[in-house]
Every structure is written in C-alpha cells, then in structure tokens.
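Asker: I'd like to ask some things about the structure below.
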Amino acid sequence: MSAAAKGAMAVGSALGLAASLSVDSGSGTRAAGQGNERAVDRLSADDAAIATMSDAERAALWRQRLHEAEAGLTRFLVARGPAADLRAWFGLQAEIFADLPGPSTHAAAAWQRIFFRGQALMERFLVSRYGEGILAEWAASNAEVHRTVEPDREGGAADPVRRIARQAELYGSQYRVHVAEGSTPAAVASVNITHCAIWDYREQARSNGVRLTLTSPCTYCTKAMSANVRAKGYEVSYQLREDRSGHGCHWEATVPNTAQEA
C-alpha cells in the first residue's frame, strides 16, 4: 500500500467515529446524515424534500461537493501556471481519492468521511503554501465549477439558498428556509441556521485525531457560500452568530437590483 493511501486511511479511520455524531434537530436527536425529523407537513414541498433526502441523494451531494472542491483546486493551480507544485498536488489527489466507497455503495456517511477528509487535506495544502488569504481565491475557483455542475431548479433566489440548506441538512444542522412571496421565481430568499452542526462534526473529528488547519469552519465556508451564490447570479449577504445553542448564521440571496426597486 502506498504512503498516500496509508495516510488517507489513517484520516478516514479517525473520521469513522465522527460520522455517527448525534445532534438536536429540534425534535429529538438524530445522527448526522439521517432524515430531518422536523414536522415536514409544515414545510413547502421543496423544503420538505431537503429535510427528507434519501441516503442516495445525500451521498450524491457529498460527491458533488468533493468534485467542486477538487476540480476547483485543479483550476486554481492551472491559473498559477508553471509555479504550481504539481508533484505535491498529484500526491494529494492520491490521498483524497484513496479507499473510495464501492460503486454500489450509496451510504452518505461513507461519502461524508471522504469529503471531509478531502476538504481538510486541500485546506492544509493551500494554507501551508500560500497562507489563509488564498482561500478566497480557491473559493472563487470552486464557484466556477459550481456554476456549471449545480442544476438550475428555476426557483430564482431560492435555489442558492436551498443549496445552503441542503449542505446544512447533510450535517444535521437546525435551520429554516424563508422564501419571500410576491414573485415567481423568487426575488429574495434566506436560510437561518440556528445550530450549525459542522462545528460538532469538526470537533468530534479533531478529538479522533484528524488534523484541522483552520480554527473555525466559517473562515472558508463564508467565502465558499458567498462565491457560489454570486456565481449563480445573485447578490448575497450573511451574518454569523453564536449563543448558548452554538454557532449559527443567516444567509440571504437576492436578485440584483431588487433592493433598489423595493
């Protein structure tokens, strides 16, 4: 077995316990990656579909997120021309894609482990070479991939907001989507995440020996989310919050010029 594969397996083993982390979804505890037990009859059809994503749908979103990040980093390195450290990048790719789940495996927990490991490795690769300031450039590169691979669901500003909600759902976060009435497709939409379970998953992973580069997931996440929303043609704003229930955030996507016309 190669050194890259051994290193990747070590990280993956440490992440294995984190995949079963339970969080409070507002109606009892659940494991990250399981269906949200909120009263889905009170949600719109689109939002209920997020809360009740199947295991296969969750696994597919984890794979898409990994694709966006890895392809975005490749795109970033291409833009740097001959200055890119290709030998190190090829070695990192071997670690990212080591021990992938089999083609018949749809288990979201398995792909969550692969994504989280890859994200941690790519953050370490970039920050160790270029510093934290480079993360915004990587996020912008990833967003160009996201622009192409994320489907247009014809929901207007609700589309990028519901992508944020789907990512929050993957970790078992507490959140609520709001879509402004009065226009179809939506001109304004927002998601309020009252408890971001990414923090829980990261800390469980850290306690299991996973080496994390960034002190806060918000350091990169806010750049990535903002870039993705803008790549889809919407204006974006966000606010971070922290209280007794943990870390959270509020995101709003707006069709350009909506605020001026209101």
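Every chain in the structure tokens has a letter given in the order shown (A, B, ...), and although residue numbers restart at 1 in each chain, ligands are simply numbered from 1 in the order shown.
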Write out, as JSON lines, each residue of region 69-99 of chain A that has an atom at most 10 Å from region 134-156 of chain A, together with the closest pair of atoms and their distance in Å to one decimal, counting only C-alpha atoms, rows going by chain and rising number.
Answerer:
```
{"residue": "A:Ala69", "atom": "CA", "partner": "A:Asn142", "partner_atom": "CA", "distance": 5.6}
{"residue": "A:Glu70", "atom": "CA", "partner": "A:Asn142", "partner_atom": "CA", "distance": 8.0}
{"residue": "A:Ala71", "atom": "CA", "partner": "A:Val145", "partner_atom": "CA", "distance": 7.0}
{"residue": "A:Gly72", "atom": "CA", "partner": "A:Asn142", "partner_atom": "CA", "distance": 3.9}
{"residue": "A:Leu73", "atom": "CA", "partner": "A:Trp138", "partner_atom": "CA", "distance": 6.3}
{"residue": "A:Thr74", "atom": "CA", "partner": "A:Ser141", "partner_atom": "CA", "distance": 8.9}
{"residue": "A:Arg75", "atom": "CA", "partner": "A:Ser141", "partner_atom": "CA", "distance": 6.5}
{"residue": "A:Phe76", "atom": "CA", "partner": "A:Ser141", "partner_atom": "CA", "distance": 5.9}
{"residue": "A:Leu77", "atom": "CA", "partner": "A:Trp138", "partner_atom": "CA", "distance": 9.3}
{"residue": "A:Ala79", "atom": "CA", "partner": "A:Ser141", "partner_atom": "CA", "distance": 9.5}
```
Asker: Could you please write out, as a PyMOL selection string, every residue of region 103-245 of chain A that DSSP assigns to helix (DSSP H, G or I)?
Answerer: chain A and resi 108-130+132-149+158-171+198-207+218-231
Asker: Could you state the separation of CA of Val191 (chain A) and CA of Val177 (chain A) in Å, given to one decimal place?
Answerer: 4.3 Å
Asker: Out of A:Gln204, A:Thr254, A:Ser128, A:Thr222, which residue has the shortest atom-to-atom distance to Ser183 (chain A) when counting only C-alpha atoms?
Answerer: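 Closest residue, counting only C-alpha atoms: A:Thr254.
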Asker: Fewer than 5 positions away in the same chain doesn't count, so skip those; otherwise give me all residues within 7 Å of region 51-68 of chain A, counting only C-alpha atoms, as a ChimeraX atom specification.
Answerer: /A:35-36,106-108,111-112,115,142,145-146,169-170
Asker: Between A:Arg230, A:Arg80, A:Lys223, A:Arg117, single out the one closest to Glu132 (chain A), counting only C-alpha atoms.
Answerer: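 Ranking A:Arg230, A:Arg80, A:Lys223, A:Arg117 by distance to Glu132 (chain A), first place goes to A:Lys223.
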Asker: Expressed in Å to a single decimal, how great is the separation between CA of Phe116 (chain A) and CA of Tyr130 (chain A)?
Answerer: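 So the answer is 21.0 Å.
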